[in-house]
Structures are given as C-alpha cells and as structure tokens.
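Chemist: Okay, so here is data-v6.csv, and as you'll see once you scroll down, it has CSV, C-alpha atoms and all ligand atoms.
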chain,number,residue,atom,x,y,z
W,1,MET,CA,-18.4,-15.4,-5.4
W,2,PHE,CA,-17.0,-17.2,-2.4
W,3,THR,CA,-16.6,-15.5,0.9
W,4,GLU,CA,-15.6,-18.1,3.5
W,5,GLY,CA,-12.1,-18.6,4.8
W,6,ARG,CA,-11.2,-22.2,4.1
W,7,ILE,CA,-7.8,-22.3,2.5
W,8,GLU,CA,-8.3,-25.7,0.7
W,9,ARG,CA,-11.6,-24.5,-0.8
W,10,VAL,CA,-9.9,-21.4,-2.2
W,11,ARG,CA,-7.1,-23.5,-3.6
W,12,SER,CA,-9.5,-25.8,-5.4
W,13,ILE,CA,-11.5,-22.9,-6.9
W,14,VAL,CA,-8.3,-21.3,-8.2
W,15,ALA,CA,-7.0,-24.6,-9.5
W,16,GLU,CA,-10.2,-25.1,-11.5
W,17,ALA,CA,-9.9,-21.6,-13.0
W,18,LYS,CA,-6.3,-22.3,-13.9
W,19,LEU,CA,-7.3,-25.7,-15.4
W,20,ALA,CA,-9.7,-23.8,-17.6
W,21,GLY,CA,-6.7,-21.8,-18.9
W,22,LYS,CA,-7.5,-18.6,-16.9
W,23,LYS,CA,-4.7,-16.3,-15.8
W,24,THR,CA,-5.2,-15.4,-12.2
W,25,ALA,CA,-4.6,-12.1,-10.4
W,26,LEU,CA,-4.7,-11.4,-6.7
W,27,VAL,CA,-5.6,-8.0,-5.1
W,28,PRO,CA,-4.8,-8.1,-1.4
W,29,THR,CA,-6.8,-5.6,0.7
W,30,MET,CA,-7.8,-5.0,4.3
W,31,GLY,CA,-11.4,-4.1,3.2
W,32,ALA,CA,-13.2,-0.8,3.8
W,33,LEU,CA,-13.0,-0.7,0.0
W,34,HIS,CA,-12.8,2.6,-1.9
W,35,GLU,CA,-12.0,3.7,-5.4
W,36,GLY,CA,-8.3,3.1,-4.8
W,37,HIS,CA,-8.9,-0.6,-4.2
W,38,LEU,CA,-11.3,-0.8,-7.1
W,39,SER,CA,-8.7,0.7,-9.4
W,40,LEU,CA,-6.4,-2.3,-8.5
W,41,VAL,CA,-9.2,-4.6,-9.5
W,42,ARG,CA,-9.5,-2.9,-12.9
W,43,ALA,CA,-5.7,-3.1,-13.4
W,44,ALA,CA,-6.0,-6.8,-12.5
W,45,LYS,CA,-8.8,-7.4,-14.9
W,46,GLU,CA,-6.7,-5.9,-17.7
W,47,LYS,CA,-4.1,-8.6,-17.3
W,48,ALA,CA,-6.0,-11.6,-15.9
W,49,ASP,CA,-9.1,-13.6,-16.5
W,50,PHE,CA,-9.8,-14.6,-12.9
W,51,VAL,CA,-9.5,-12.0,-10.2
W,52,VAL,CA,-9.2,-12.9,-6.5
W,53,MET,CA,-9.6,-10.2,-3.8
W,54,SER,CA,-8.5,-11.0,-0.3
W,55,ILE,CA,-10.0,-9.0,2.6
W,56,PHE,CA,-8.1,-9.5,5.8
W,57,VAL,CA,-7.3,-7.0,8.5
W,58,ASN,CA,-4.0,-8.6,9.3
W,59,ARG,CA,-3.5,-8.2,13.1
W,60,ILE,CA,0.3,-8.9,13.0
W,61,GLN,CA,1.0,-5.9,10.8
W,62,PHE,CA,-0.5,-3.4,13.3
W,63,ASN,CA,2.1,-2.0,15.6
W,64,ASP,CA,-0.7,0.0,17.3
W,65,SER,CA,-3.5,-2.0,18.8
W,66,ASN,CA,-5.8,1.1,18.8
W,67,ASP,CA,-5.3,1.4,15.0
W,68,PHE,CA,-6.2,-2.3,14.7
W,69,ALA,CA,-9.3,-2.0,16.9
W,70,ASN,CA,-10.5,1.2,15.1
W,71,TYR,CA,-9.8,-0.1,11.6
W,72,PRO,CA,-13.0,0.5,9.6
W,73,LYS,CA,-15.0,-2.7,8.7
W,74,THR,CA,-17.7,-2.5,6.0
W,75,LEU,CA,-17.9,-6.1,4.8
W,76,GLU,CA,-21.3,-6.1,3.3
W,77,ASN,CA,-20.6,-3.0,1.3
W,78,ASP,CA,-17.2,-4.5,0.3
W,79,LEU,CA,-18.8,-7.6,-1.1
W,80,ASN,CA,-21.3,-5.6,-3.1
W,81,LEU,CA,-18.5,-3.4,-4.5
W,82,ALA,CA,-16.3,-6.5,-5.3
W,83,ARG,CA,-19.3,-8.1,-7.1
W,84,GLU,CA,-20.2,-5.0,-9.1
W,85,ASN,CA,-16.6,-4.6,-10.1
W,86,GLY,CA,-16.2,-8.1,-11.5
W,87,VAL,CA,-14.1,-9.7,-8.8
W,88,ASP,CA,-14.5,-13.5,-9.3
W,89,LEU,CA,-13.6,-14.7,-5.8
W,90,VAL,CA,-13.4,-12.9,-2.5
W,91,PHE,CA,-11.2,-14.7,0.0
W,92,ILE,CA,-11.8,-13.7,3.6
W,93,PRO,CA,-9.2,-15.7,5.6
W,94,ASP,CA,-10.1,-16.9,9.0
W,95,GLU,CA,-7.5,-15.6,11.4
W,96,ASP,CA,-7.2,-18.9,13.3
W,97,GLU,CA,-6.6,-20.8,10.1
W,98,ILE,CA,-4.0,-18.3,9.0
W,99,TYR,CA,-2.1,-18.0,12.2
W,100,HIS,CA,-2.7,-21.1,14.3
W,101,ASP,CA,0.6,-22.0,16.0
W,102,HIS,CA,2.4,-19.7,13.6
W,103,LYS,CA,6.2,-19.5,14.0
W,104,THR,CA,7.5,-18.4,10.6
W,105,TYR,CA,7.9,-14.8,9.4
W,106,VAL,CA,9.2,-13.1,6.3
W,107,ASP,CA,11.3,-10.0,6.3
W,108,VAL,CA,13.1,-7.9,3.6
W,109,GLU,CA,16.3,-6.6,5.0
W,110,GLY,CA,17.4,-3.1,4.3
W,111,LEU,CA,14.3,-1.8,2.5
W,112,THR,CA,12.2,-1.3,5.6
W,113,GLU,CA,14.6,0.7,7.8
W,114,GLU,CA,13.5,4.2,6.5
W,115,LEU,CA,10.1,5.7,5.8
W,116,CYS,CA,7.2,3.8,7.5
W,117,GLY,CA,9.5,1.0,8.6
W,118,ALA,CA,11.3,3.4,10.9
W,119,HIS,CA,8.0,4.4,12.6
W,120,ARG,CA,6.0,1.1,12.6
W,121,PRO,CA,8.2,-1.6,14.2
W,122,GLY,CA,7.1,-5.1,13.0
W,123,HIS,CA,4.7,-3.7,10.4
W,124,PHE,CA,6.4,-4.8,7.3
W,125,ARG,CA,7.3,-8.2,8.7
W,126,GLY,CA,3.6,-8.7,9.2
W,127,VAL,CA,2.8,-7.5,5.7
W,128,PHE,CA,5.4,-9.7,4.0
W,129,THR,CA,4.4,-12.7,6.0
W,130,VAL,CA,0.7,-12.4,5.1
W,131,VAL,CA,1.4,-11.6,1.5
W,132,SER,CA,3.7,-14.7,1.2
W,133,LYS,CA,1.0,-16.8,2.7
W,134,LEU,CA,-1.6,-15.3,0.3
W,135,PHE,CA,0.7,-16.0,-2.6
W,136,ASN,CA,1.1,-19.6,-1.5
W,137,ILE,CA,-2.6,-20.1,-0.9
W,138,VAL,CA,-3.9,-18.4,-4.0
W,139,GLN,CA,-0.9,-19.0,-6.3
W,140,PRO,CA,-1.7,-16.0,-8.5
W,141,ASP,CA,0.1,-15.3,-11.8
W,142,ILE,CA,-0.2,-11.6,-11.0
W,143,ALA,CA,-0.6,-9.5,-7.9
W,144,VAL,CA,-1.6,-5.8,-7.8
W,145,PHE,CA,-0.4,-3.3,-5.2
W,146,GLY,CA,-0.9,0.5,-5.0
W,147,GLN,CA,1.8,3.1,-5.3
W,148,LYS,CA,0.0,4.7,-2.3
W,149,ASP,CA,2.0,2.2,-0.1
W,150,ILE,CA,5.2,2.6,-2.1
W,151,GLN,CA,7.5,1.1,0.5
W,152,GLN,CA,5.3,-2.0,0.6
W,153,ALA,CA,5.1,-2.3,-3.2
W,154,VAL,CA,8.8,-1.9,-3.8
W,155,SER,CA,9.7,-4.3,-0.9
W,156,ILE,CA,7.3,-6.9,-2.2
W,157,GLU,CA,8.8,-6.7,-5.6
W,158,LYS,CA,12.2,-7.5,-3.9
W,159,MET,CA,10.7,-10.3,-1.8
W,160,VAL,CA,9.2,-11.9,-4.9
W,161,SER,CA,12.5,-11.7,-6.7
W,162,ASP,CA,14.6,-13.0,-3.7
W,163,LEU,CA,12.2,-15.8,-2.8
W,164,ASN,CA,11.4,-16.8,-6.4
W,165,PHE,CA,7.7,-16.4,-6.2
W,166,PRO,CA,6.3,-17.0,-9.7
W,167,VAL,CA,4.2,-13.8,-9.4
W,168,GLU,CA,4.3,-10.7,-11.6
W,169,ILE,CA,3.9,-7.6,-9.4
W,170,ILE,CA,1.9,-4.6,-10.8
W,171,ILE,CA,2.1,-1.2,-9.1
W,172,ALA,CA,-1.0,0.8,-9.8
W,173,PRO,CA,-1.3,4.6,-9.5
W,174,ILE,CA,-2.6,6.5,-6.5
W,175,ILE,CA,-6.4,7.4,-6.7
W,176,ARG,CA,-7.2,10.7,-5.1
W,177,GLU,CA,-10.2,12.6,-3.9
W,178,ASN,CA,-11.3,15.7,-6.0
W,179,ASP,CA,-9.1,18.0,-3.9
W,180,GLY,CA,-6.1,15.7,-4.2
W,181,LEU,CA,-6.1,13.8,-0.8
W,182,ALA,CA,-5.1,10.2,-1.4
W,183,LYS,CA,-8.0,7.9,-0.9
W,184,SER,CA,-7.6,5.8,2.2
W,185,SER,CA,-9.8,3.6,4.4
W,186,ARG,CA,-8.6,5.7,7.3
W,187,ASN,CA,-10.0,9.0,5.8
W,188,VAL,CA,-13.4,8.2,7.3
W,189,ARG,CA,-11.9,8.8,10.8
W,190,LEU,CA,-11.2,12.5,10.0
W,191,ASP,CA,-13.7,15.1,11.0
W,192,ALA,CA,-14.6,17.9,8.6
W,193,VAL,CA,-11.9,20.2,9.7
W,194,GLN,CA,-9.2,17.5,9.8
W,195,ARG,CA,-10.3,16.3,6.4
W,196,LYS,CA,-9.9,19.8,5.0
W,197,ASN,CA,-6.5,20.2,6.6
W,198,ALA,CA,-5.3,16.8,5.5
W,199,VAL,CA,-5.1,17.9,1.9
W,200,SER,CA,-2.0,19.8,2.8
W,201,ILE,CA,-0.1,16.6,2.4
W,202,TYR,CA,-1.0,16.5,-1.3
W,203,ASN,CA,-0.4,20.3,-1.5
W,204,ALA,CA,3.1,19.8,-0.1
W,205,LEU,CA,3.8,17.1,-2.7
W,206,SER,CA,2.5,19.3,-5.5
W,207,SER,CA,4.6,22.2,-4.4
W,208,VAL,CA,7.7,20.0,-4.1
W,209,GLN,CA,6.8,18.6,-7.6
W,210,LYS,CA,7.0,22.1,-9.0
W,211,MET,CA,10.3,22.7,-7.4
W,212,ILE,CA,11.8,19.4,-8.7
W,213,GLU,CA,10.4,19.9,-12.2
W,214,GLY,CA,11.8,23.5,-12.0
W,215,GLY,CA,15.3,22.0,-11.4
W,216,VAL,CA,15.6,21.7,-7.6
W,217,CYS,CA,17.4,18.5,-6.6
W,218,ASP,CA,18.4,19.3,-3.1
W,219,TYR,CA,16.4,17.4,-0.4
W,220,GLN,CA,16.7,20.1,2.3
W,221,LYS,CA,14.9,22.6,0.1
W,222,MET,CA,12.1,20.0,-0.5
W,223,TYR,CA,11.9,19.2,3.1
W,224,HIS,CA,11.5,22.8,4.3
W,225,GLU,CA,8.8,23.5,1.7
W,226,ALA,CA,6.8,20.4,2.6
W,227,GLU,CA,7.2,20.8,6.3
W,228,LYS,CA,6.0,24.4,6.2
W,229,ILE,CA,2.8,23.5,4.3
W,230,ILE,CA,1.9,20.6,6.4
W,231,LEU,CA,2.6,22.2,9.8
W,232,GLU,CA,0.7,25.4,8.8
W,233,ALA,CA,-2.3,23.2,8.1
W,234,GLY,CA,-2.2,22.0,11.7
W,235,ALA,CA,-0.7,18.5,11.5
W,236,GLU,CA,-0.2,17.2,15.0
W,237,LYS,CA,2.9,15.3,14.1
W,238,ILE,CA,5.0,14.5,11.0
W,239,ASP,CA,6.6,11.0,11.1
W,240,TYR,CA,8.7,11.7,8.1
W,241,ILE,CA,9.3,13.8,5.0
W,242,THR,CA,11.9,11.8,3.1
W,243,LEU,CA,13.6,11.6,-0.2
W,244,ALA,CA,14.8,8.1,-0.9
W,245,ASP,CA,16.3,6.1,-3.7
W,246,TYR,CA,13.5,4.2,-5.4
W,247,HIS,CA,15.1,0.8,-5.4
W,248,SER,CA,17.0,0.7,-2.1
W,249,LEU,CA,14.6,3.0,-0.3
W,250,ARG,CA,17.6,4.5,1.4
W,251,ARG,CA,17.6,8.3,2.2
W,252,ILE,CA,19.3,10.5,-0.3
W,253,ASP,CA,20.3,14.2,-0.2
W,254,ARG,CA,20.0,14.8,-3.9
W,255,ILE,CA,18.1,13.3,-6.8
W,256,LYS,CA,20.5,11.4,-9.0
W,257,HIS,CA,18.4,8.4,-10.1
W,258,LYS,CA,14.8,7.3,-9.9
W,259,ALA,CA,13.6,8.4,-6.4
W,260,VAL,CA,10.6,8.7,-4.2
W,261,PHE,CA,9.5,11.6,-2.1
W,262,ALA,CA,7.2,10.4,0.7
W,263,VAL,CA,5.3,11.9,3.6
W,264,ALA,CA,3.6,10.5,6.7
W,265,ALA,CA,1.7,12.9,9.0
W,266,TYR,CA,-1.0,12.8,11.6
W,267,PHE,CA,-4.3,14.7,11.5
W,268,GLY,CA,-6.8,14.1,14.3
W,269,GLY,CA,-4.9,11.1,15.5
W,270,VAL,CA,-5.1,9.5,12.0
W,271,ARG,CA,-1.8,8.7,10.3
W,272,LEU,CA,-1.9,9.5,6.6
W,273,ILE,CA,0.8,8.7,4.0
W,274,ASP,CA,1.3,9.9,0.5
W,275,ASN,CA,4.2,10.0,-2.0
W,276,MET,CA,5.4,10.7,-5.5
W,277,ILE,CA,7.7,8.8,-7.7
W,278,ILE,CA,10.4,10.9,-9.3
W,279,ASP,CA,11.4,9.4,-12.7
W,280,PHE,CA,14.8,10.7,-13.7
W,281,ASP,CA,16.9,9.3,-16.5
W,282,GLY,CA,19.8,11.8,-16.0
W,283,GLU,CA,18.1,14.3,-18.3
W,284,LYS,CA,14.4,14.4,-18.1
W,285,ILE,CA,12.7,14.5,-14.7
W,286,LYS,CA,9.0,13.8,-14.1
W,287,CYS,CA,7.1,13.4,-10.8
W,288,VAL,CA,4.2,10.9,-10.6
W,289,LEU,CA,1.8,11.5,-7.8
W,301,LIG,P1,-5.2,-1.6,2.2
W,301,LIG,O1,-6.6,-2.1,2.2
W,301,LIG,O2,-5.1,-0.2,2.8
W,301,LIG,O3,-4.2,-2.5,2.8
W,301,LIG,O4,-4.8,-1.4,0.7
W,301,LIG,C1,-4.9,-2.5,-0.2
W,301,LIG,C2,-4.2,-2.1,-1.5
W,301,LIG,O5,-4.8,-1.0,-2.0
W,301,LIG,C3,-2.7,-1.8,-1.3
W,301,LIG,O6,-2.0,-2.3,-2.3
W,301,LIG,C4,-2.8,-0.3,-1.3
W,301,LIG,O7,-1.5,0.3,-1.8
W,301,LIG,C5,-3.9,0.0,-2.3
W,301,LIG,N1,-4.4,1.3,-2.2
W,301,LIG,C6,-4.8,1.9,-1.0
W,301,LIG,N2,-5.2,3.2,-1.2
W,301,LIG,C7,-5.0,3.4,-2.5
W,301,LIG,C8,-5.3,4.6,-3.4
W,301,LIG,N3,-5.7,5.7,-2.9
W,301,LIG,N4,-4.9,4.4,-4.7
W,301,LIG,C9,-4.5,3.3,-5.2
W,301,LIG,N5,-4.2,2.2,-4.5
W,301,LIG,C10,-4.5,2.2,-3.1
Would you encode the structure as structure tokens?

Modeler:
Amino acid sequence: MFTEGRIERVRSIVAEAKLAGKKTALVPTMGALHEGHLSLVRAAKEKADFVVMSIFVNRIQFNDSNDFANYPKTLENDLNLARENGVDLVFIPDEDEIYHDHKTYVDVEGLTEELCGAHRPGHFRGVFTVVSKLFNIVQPDIAVFGQKDIQQAVSIEKMVSDLNFPVEIIIAPIIRENDGLAKSSRNVRLDAVQRKNAVSIYNALSSVQKMIEGGVCDYQKMYHEAEKIILEAGAEKIDYITLADYHSLRRIDRIKHKAVFAVAAYFGGVRLIDNMIIDFDGEKIKCVL
C-alpha cells in the first residue's frame, strides 16, 4: 500500500502490476470514504486484479471555496478502509505536482449545460481535467464511477470515447442509508433534524418512481410531486428537479427513451444530489434508484 504522491512512483508500481499480467482498475475519490466508495472498490475487484484508489480533494472542481474548505478529511480512516477492502495502491496526489504551472483543461461540450453543470460553473471542467490526468498517470484498464453522480459518469463515458482513452468505464449503483438517503461524504455536515429531512429527496424520487411505473410520462407532473415533498420537508433551496435524456443529458418534457430524473437540493447549507435512471425500451419501463 503506497500513499505518497509521486507520479513517477505510481507509474512504475502500476507498470510492474501490468507486467505481471494484472488487469488494473482505478477508483477516483475525494476521500472521506463511506460504503458508496467501498462498493466501487468491490465492483473494481470483480473485474480487475490490481485496484488503485486515488484520494484527492480536487480544488479546481470546487466552484464554492467554502465547500472546498469544509470538505471532510479523514485520511487515516480512509487508508484503513482501503486496506481492509483490498485496495492494492492508494494514490494521494500532491496538489503542486498535479497543477504546477497548469494551463490545459478538458471539457465535454453540451453534456454539462443542465443539471449540476448549470449550477456549478467550472465544476465539470475541473472533474474532467483531473480524471484525464489520473487516467494518464495510472493508465487503468477499467475505471469505476458511481451512479450517484450521474452527470459526471455519463460525461466521462463520452470523454473517454471522444478522446480515445483505452479505459472501460463502469457505473456502479447508488448505495443508500437504511432510510434511503444516498450516502455522501457531505452527509456528516447535516445536524440531526436536517439529516431526517434530507431523506425527502429519496422519498420524492420513490414517489415519482411509482408515478412513472404507473404510466406517467409527463415531466410537469413529476416535477410538482417531487417539489412538494422536498419543500414540505424544509429544503432551503432546490437547485433543480430535472428529467433529462440519459445520453445527451438535455432536458425533456416526456419520457421517450432511456432517461434520468435528478434532484439537487440544500438542507442546512449542504447541497445534496440524487437521481434515478429510467430504463425504457418503448414498452417496459423501470426506474433504478
Ligand atoms: P467523491 O469522493 O464524492 O468524489 O466520490 C467518488 C466516487 O464515489 C464517485 O464516482 C461517486 O459517484 C461515487 N459515490 C459517491 N457516493 C456514492 C454512493 N452513495 N453510492 C455509490 N457511489 C457513490
């Protein structure tokens, strides 16, 4: 288990693993690990023989400096969890080494205009840039991302295809608390009341799921249902409640193909996101949340 940030050292360790015939997977994270991150490690281990986890709170993807400053940091615990869960190499990049005199950025046009992209200027550019760098440093065969950040996962699939990265992208399901709240590193910033109210995001998705599986295709109906549930639970602000085409991530008014229904709302100053994928083949419809 290696935890320093030298790029050349990481490259040589991964090269050795590859020489030994090992398939390599990368799980990029910002640390403050929870069961969601560990599920990505398990998904990686199913497909690969050598699992690299990166832990890097990537300053350039934070459009809000308070959010960056308050981002939870639990490195010692993270390293224990990574070890216990069979991660072979933890890469903790050094910010100076990563961004010294940095002038090059990666963007995916079109896919980041709605949803979180509309509310977090520069966020995805920061994500795509660091993920590209991690792909070039680690050179994994596989990389695992969570459905929890669906816009990120779908856009990275597009980036990999457009830029010919030889990396297979796996999107792993959302891991939830017992009451349904999506696990997130930011959940620790909620007090007890906010934590109780935040589950309304999941309740809203579940209620809209029932509507959709009962035959409702019209976005306006979904929107009003979700908004009512989340506002009644005391959300301070809703950034979006959006129905979008799964591949283009453009807003749609009705479900016609595979789609995503996604929410971002604030509780206690903490921005929480959640979503469900709507699988629709023209006949059968199924929501995955
Ligand atoms: P983060 O550390 O928040 O940047 O997340 C690192 C990776 O873990 C991303 O691919 C996230 O989508 C994924 N992730 C975060 N929360 C969850 C969750 N509750 N279930 C599954 N994956 C998650």

Chemist: Would you mind listing what lies within 8 Å of Val27 in chain W as a PyMOL selection string, with all atoms listed in the file counted and same-chain residues fewer than 2 positions away left out?

Modeler: chain W and resi 25+29+40-41+44+51-54+143-145

Chemist: For each of W:Asn187, W:Ser65, W:Gln139, W:Ser206, take the minimum atom-to-atom distance to ligand LIG 301 (chain W), counting all atoms listed in the file, then give the residue where this is smallest.

Modeler: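 Under the stated criterion, the closest residue is W:Asn187.
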
Chemist: At most 12 Å from (-16.4, -16.0, -8.4), file frame, only C-alpha atoms: which residues, as a ChimeraX atom specification?

Modeler: /W:1-3,10,13-14,16-17,24,49-53,79,82-91

Chemist: To one decimal place in Å, what is the distance between CA of Tyr99 in chain W and atom C1 of ligand LIG 301 (chain W)?

Modeler: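 Here the two named atoms are 20.0 Å from each other.
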
Chemist: Would you work out the distance separating CA of Tyr219 in chain W from CA of Val127 in chain W, expressed in Å to one decimal?

Modeler: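 Interatomic distance here is 29.0 Å.
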
Chemist: Any idea what the distance is between CA of Arg125 in chain W and CA of Tyr266 in chain W?

Modeler: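 Going from CA of Arg125 in chain W over to CA of Tyr266 in chain W, I get 22.8 Å.
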
Chemist: Determine the nearest neighbour of Lys47 in chain W from the options W:His257, W:His224, W:Lys148, W:Lys22, counting all atoms listed in the file.

Modeler: W:Lys22

Chemist: Counting all atoms listed in the file, which residues come within 6 Å of (-6.3, 5.0, -7.4), with the point read in the file's coordinates, and could you list them as a list in words?

Modeler: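 Those residues lying close to the given coordinates are Gly36, Ser39, Pro173, Ile174 and Ile175 of chain W.
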
Chemist: Residues at most 10 Å from Ala244 in chain W, counting all atoms listed in the file, excluding those fewer than 4 positions away in the same chain, as a list in words?

Modeler: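 Selected residues are Glu114, Leu115, Tyr219, Ser248, Leu249, Arg250, Arg251, Ile252, Asp253, Arg254, Ile255, His257, Lys258, Ala259, Val260, Phe261, Ala262, Ile277 and Ile278 of chain W.
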
Chemist: Taking only C-alpha atoms and all ligand atoms into account, name the residue in W:Asn77, W:Asn63, W:Asn275, W:Asn136 that is nearest to ligand LIG 301 (chain W).

Modeler: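 For ligand LIG 301 (chain W), the nearest of the given residues is W:Asn275.
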